[in-house]
Amino acid sequence: MLHTFWIFAAGVLLYACNGGGDTDPQGEKTKEQLATEALTGGSHIVWTVANGGSVSKDGQSLTADYQNFELSFVTNANNRTYSSSANPLFDRLGDWSFAGENFDKIQLSGSSPAAGREISFSREGDRLRLQFAVPMPVNARVNALAGSYIFELIKK
């Protein structure tokens with residue numbers, strides 16, 4: 001009888017020390033969850049060029065042309081969407097997804113020059129860096145947009 005008591009007591013102690021048998025409710029976040037939070041803050045972040053951001057194409061500054069540019073990333077249980085201010089590179093609305101398993105690149109849906117491209121991203125604090133290339137198209141309409149872009153965006 002005493003032996004059974006000690007086994008029961010040890011089980012209760014182990015259960016209590018292990019937080020009730022459950023792991024941390026937050027648990028370890030996956031690379032995908034961390035990358036999603038970097039872009040969306042967990043639900044929604046607006047990124048802007050204003051207040052210290054910059055845009056360059058092939059090493060030449062285009063910041064003045066994009067001073068009012070904003071790009072918003074949203075995620076919820078069912079969707080990953082984005083919206084952008086009017087500009088020739090990005091669609092106004094669309095979906096976004098990760099490109100590959102490293103979760104450091106995204107792809108945007110749409111028909112704009114940035115759509116369908118692998119866009120590398122990294123975040124440091126309130127700064128988001130997007131880097132992508134628009135190849136020389138067959139369509140002369142977007143020929144002037146071809147080049148390598150870097151967007152340094154600030155959290156709004």
# chains A, B, ... in the order shown; residues from 1 in each chain; ligands from 1

$ residues_around --residues "A:Ala77" --least-positions-apart "4" --cutoff "12 Å" --atoms "only C-alpha atoms" --output "ChimeraX atom specification"
/A:36,42-43,81

$ residues_around --residues "A:Tyr66" --least-positions-apart "2" --cutoff "10 Å" --atoms "only C-alpha atoms" --output "list in words"
Thr48, Val49, Ala50, Gly53, Ser54, Val55, Ser56, Ser61, Leu62, Thr63, Ala64, Asn68, Phe69, Glu70, Ser85, Ala86, Asn87 and Phe151 of chain A

$ write_last_selection --atoms "C-alpha atoms" --output "compact mmCIF listing (two decimals), in the first residue's frame"
# COMPACT_ATOMS: atom_id res chain seq x y z
CA THR A 48 6.02 52.24 -46.22
CA VAL A 49 8.87 54.10 -47.89
CA ALA A 50 7.94 57.31 -46.05
CA GLY A 53 12.65 53.96 -46.36
CA SER A 54 14.20 53.75 -49.79
CA VAL A 55 13.84 52.16 -53.22
CA SER A 56 16.59 51.46 -55.69
CA SER A 61 17.76 55.60 -56.17
CA LEU A 62 14.07 55.74 -57.02
CA THR A 63 13.03 56.79 -53.52
CA ALA A 64 11.54 60.12 -54.67
CA ASN A 68 4.15 57.50 -50.89
CA PHE A 69 4.46 53.76 -51.55
CA GLU A 70 2.84 51.41 -49.05
CA SER A 85 -0.53 51.78 -53.22
CA ALA A 86 -0.72 52.67 -56.88
CA ASN A 87 2.57 52.03 -58.66
CA PHE A 151 12.83 48.15 -51.25

$ residues_around --residues "A:Ala35" --least-positions-apart "4" --cutoff "12 Å" --atoms "only C-alpha atoms" --output "JSON, numbers by chain"
{"A": [29, 30, 31, 39, 40, 41, 42, 73, 75, 97, 98, 99, 101, 102, 103, 104, 105, 106, 120, 121, 122, 123, 128]}

$ write_last_selection --atoms "N, CA and C atoms" --output "PDB file, in the first residue's frame"
ATOM      1  N   LYS A  29       7.831  27.891 -32.251  1.00  0.00           N
ATOM      2  CA  LYS A  29       7.256  28.330 -33.513  1.00  0.00           C
ATOM      3  C   LYS A  29       8.054  27.750 -34.665  1.00  0.00           C
ATOM      4  N   THR A  30       7.341  27.414 -35.731  1.00  0.00           N
ATOM      5  CA  THR A  30       7.988  26.888 -36.921  1.00  0.00           C
ATOM      6  C   THR A  30       8.640  28.027 -37.704  1.00  0.00           C
ATOM      7  N   LYS A  31       9.504  27.686 -38.630  1.00  0.00           N
ATOM      8  CA  LYS A  31      10.123  28.702 -39.489  1.00  0.00           C
ATOM      9  C   LYS A  31       9.052  29.458 -40.273  1.00  0.00           C
ATOM     10  N   LEU A  39       6.494  39.290 -41.616  1.00  0.00           N
ATOM     11  CA  LEU A  39       5.808  40.082 -42.640  1.00  0.00           C
ATOM     12  C   LEU A  39       4.530  40.741 -42.132  1.00  0.00           C
ATOM     13  N   THR A  40       3.803  40.035 -41.273  1.00  0.00           N
ATOM     14  CA  THR A  40       2.454  40.470 -40.906  1.00  0.00           C
ATOM     15  C   THR A  40       2.280  40.840 -39.439  1.00  0.00           C
ATOM     16  N   GLY A  41       3.293  40.589 -38.617  1.00  0.00           N
ATOM     17  CA  GLY A  41       3.136  40.823 -37.187  1.00  0.00           C
ATOM     18  C   GLY A  41       2.134  39.875 -36.563  1.00  0.00           C
ATOM     19  N   GLY A  42       1.775  38.827 -37.266  1.00  0.00           N
ATOM     20  CA  GLY A  42       0.789  37.866 -36.777  1.00  0.00           C
ATOM     21  C   GLY A  42      -0.581  38.072 -37.386  1.00  0.00           C
ATOM     22  N   PHE A  73       0.837  43.508 -45.720  1.00  0.00           N
ATOM     23  CA  PHE A  73       0.715  42.054 -45.705  1.00  0.00           C
ATOM     24  C   PHE A  73      -0.266  41.655 -44.611  1.00  0.00           C
ATOM     25  N   THR A  75      -2.464  38.232 -42.840  1.00  0.00           N
ATOM     26  CA  THR A  75      -2.662  36.791 -42.735  1.00  0.00           C
ATOM     27  C   THR A  75      -3.763  36.534 -41.725  1.00  0.00           C
ATOM     28  N   SER A  97       2.392  34.105 -51.003  1.00  0.00           N
ATOM     29  CA  SER A  97       2.744  32.777 -50.492  1.00  0.00           C
ATOM     30  C   SER A  97       4.255  32.704 -50.367  1.00  0.00           C
ATOM     31  N   PHE A  98       4.704  31.725 -49.609  1.00  0.00           N
ATOM     32  CA  PHE A  98       6.141  31.516 -49.505  1.00  0.00           C
ATOM     33  C   PHE A  98       6.631  30.758 -50.728  1.00  0.00           C
ATOM     34  N   ALA A  99       7.829  31.088 -51.170  1.00  0.00           N
ATOM     35  CA  ALA A  99       8.468  30.412 -52.302  1.00  0.00           C
ATOM     36  C   ALA A  99       9.538  29.493 -51.717  1.00  0.00           C
ATOM     37  N   GLU A 101      10.952  26.224 -49.089  1.00  0.00           N
ATOM     38  CA  GLU A 101      10.863  25.774 -47.705  1.00  0.00           C
ATOM     39  C   GLU A 101      11.754  26.556 -46.738  1.00  0.00           C
ATOM     40  N   ASN A 102      12.533  27.514 -47.237  1.00  0.00           N
ATOM     41  CA  ASN A 102      13.381  28.302 -46.350  1.00  0.00           C
ATOM     42  C   ASN A 102      12.632  29.469 -45.723  1.00  0.00           C
ATOM     43  N   PHE A 103      11.474  29.814 -46.291  1.00  0.00           N
ATOM     44  CA  PHE A 103      10.621  30.869 -45.766  1.00  0.00           C
ATOM     45  C   PHE A 103      11.334  32.215 -45.680  1.00  0.00           C
ATOM     46  N   ASP A 104      12.198  32.486 -46.651  1.00  0.00           N
ATOM     47  CA  ASP A 104      12.835  33.792 -46.751  1.00  0.00           C
ATOM     48  C   ASP A 104      12.539  34.450 -48.097  1.00  0.00           C
ATOM     49  N   LYS A 105      11.599  33.845 -48.835  1.00  0.00           N
ATOM     50  CA  LYS A 105      11.181  34.385 -50.127  1.00  0.00           C
ATOM     51  C   LYS A 105       9.668  34.238 -50.233  1.00  0.00           C
ATOM     52  N   ILE A 106       9.056  35.234 -50.867  1.00  0.00           N
ATOM     53  CA  ILE A 106       7.626  35.188 -51.115  1.00  0.00           C
ATOM     54  C   ILE A 106       7.361  35.355 -52.598  1.00  0.00           C
ATOM     55  N   SER A 120      12.956  38.058 -52.218  1.00  0.00           N
ATOM     56  CA  SER A 120      13.658  37.776 -50.958  1.00  0.00           C
ATOM     57  C   SER A 120      13.286  38.851 -49.956  1.00  0.00           C
ATOM     58  N   PHE A 121      13.130  38.443 -48.700  1.00  0.00           N
ATOM     59  CA  PHE A 121      12.831  39.435 -47.677  1.00  0.00           C
ATOM     60  C   PHE A 121      13.607  39.143 -46.406  1.00  0.00           C
ATOM     61  N   SER A 122      13.855  40.203 -45.664  1.00  0.00           N
ATOM     62  CA  SER A 122      14.447  40.077 -44.332  1.00  0.00           C
ATOM     63  C   SER A 122      13.927  41.236 -43.504  1.00  0.00           C
ATOM     64  N   ARG A 123      13.791  40.984 -42.220  1.00  0.00           N
ATOM     65  CA  ARG A 123      13.288  42.023 -41.325  1.00  0.00           C
ATOM     66  C   ARG A 123      14.248  42.207 -40.170  1.00  0.00           C
ATOM     67  N   LEU A 128      11.847  46.383 -43.149  1.00  0.00           N
ATOM     68  CA  LEU A 128      11.667  45.207 -44.004  1.00  0.00           C
ATOM     69  C   LEU A 128      12.380  45.464 -45.324  1.00  0.00           C
TER      70      LEU A 128
END

$ residues_around --residues "A:Val138" --least-positions-apart "6" --cutoff "12 Å" --atoms "only C-alpha atoms" --output "ChimeraX atom specification"
/A:113,144,146

$ write_last_selection --atoms "C-alpha atoms" --output "compact mmCIF listing (two decimals), in the first residue's frame"
# COMPACT_ATOMS: atom_id res chain seq x y z
CA PRO A 113 5.97 42.97 -63.03
CA ALA A 144 11.50 50.27 -68.66
CA ALA A 146 13.19 45.62 -65.96

$ select_by_dssp --residues "stretch 3-122 of chain A" --states "helix (DSSP H, G or I)" --output "MDAnalysis selection string"
chainID A and resid 3:17 31:40 63:66

$ atom_distance --atom1 "atom CA of A:Asn79" --atom2 "atom CA of A:Asp95"
7.7 Å

$ select_by_dssp --residues "chain A" --states "strand (DSSP E)" --output "PyMOL selection string"
chain A and resi 44-48+54-57+60-61+70-75+80-84+93-98+105-108+119-124+127-134+147-155

$ residues_around --residues "A:Leu93" --least-positions-apart "2" --cutoff "6 Å" --atoms "only C-alpha atoms" --output "list of chain:residue names"
A:Tyr82, A:Ser83, A:Asp91

$ atom_distance --atom1 "atom CA of A:Ile45" --atom2 "atom CA of A:Lys57"
24.2 Å

$ decode --residues "stretch 56-81 of chain A" --atoms "C-alpha atoms" --output "PDB file, in the first residue's frame"
ATOM      1  CA  SER A  56      16.592  51.461 -55.694  1.00  0.00           C
ATOM      2  CA  LYS A  57      16.768  49.860 -59.124  1.00  0.00           C
ATOM      3  CA  ASP A  58      20.101  48.600 -60.410  1.00  0.00           C
ATOM      4  CA  GLY A  59      21.819  50.680 -57.714  1.00  0.00           C
ATOM      5  CA  GLN A  60      20.096  53.945 -58.677  1.00  0.00           C
ATOM      6  CA  SER A  61      17.763  55.598 -56.165  1.00  0.00           C
ATOM      7  CA  LEU A  62      14.070  55.736 -57.024  1.00  0.00           C
ATOM      8  CA  THR A  63      13.029  56.786 -53.519  1.00  0.00           C
ATOM      9  CA  ALA A  64      11.542  60.117 -54.671  1.00  0.00           C
ATOM     10  CA  ASP A  65       9.285  58.248 -57.122  1.00  0.00           C
ATOM     11  CA  TYR A  66       8.065  55.877 -54.388  1.00  0.00           C
ATOM     12  CA  GLN A  67       7.869  58.267 -51.406  1.00  0.00           C
ATOM     13  CA  ASN A  68       4.146  57.498 -50.889  1.00  0.00           C
ATOM     14  CA  PHE A  69       4.464  53.758 -51.548  1.00  0.00           C
ATOM     15  CA  GLU A  70       2.836  51.405 -49.046  1.00  0.00           C
ATOM     16  CA  LEU A  71       2.674  47.620 -49.016  1.00  0.00           C
ATOM     17  CA  SER A  72       0.471  45.747 -46.577  1.00  0.00           C
ATOM     18  CA  PHE A  73       0.715  42.054 -45.705  1.00  0.00           C
ATOM     19  CA  VAL A  74      -2.238  40.317 -44.025  1.00  0.00           C
ATOM     20  CA  THR A  75      -2.662  36.791 -42.735  1.00  0.00           C
ATOM     21  CA  ASN A  76      -5.539  35.025 -41.051  1.00  0.00           C
ATOM     22  CA  ALA A  77      -6.643  31.433 -40.618  1.00  0.00           C
ATOM     23  CA  ASN A  78      -7.579  31.021 -44.279  1.00  0.00           C
ATOM     24  CA  ASN A  79      -5.807  33.659 -46.353  1.00  0.00           C
ATOM     25  CA  ARG A  80      -2.582  35.501 -47.011  1.00  0.00           C
ATOM     26  CA  THR A  81      -3.259  38.706 -48.873  1.00  0.00           C
TER      27      THR A  81
END
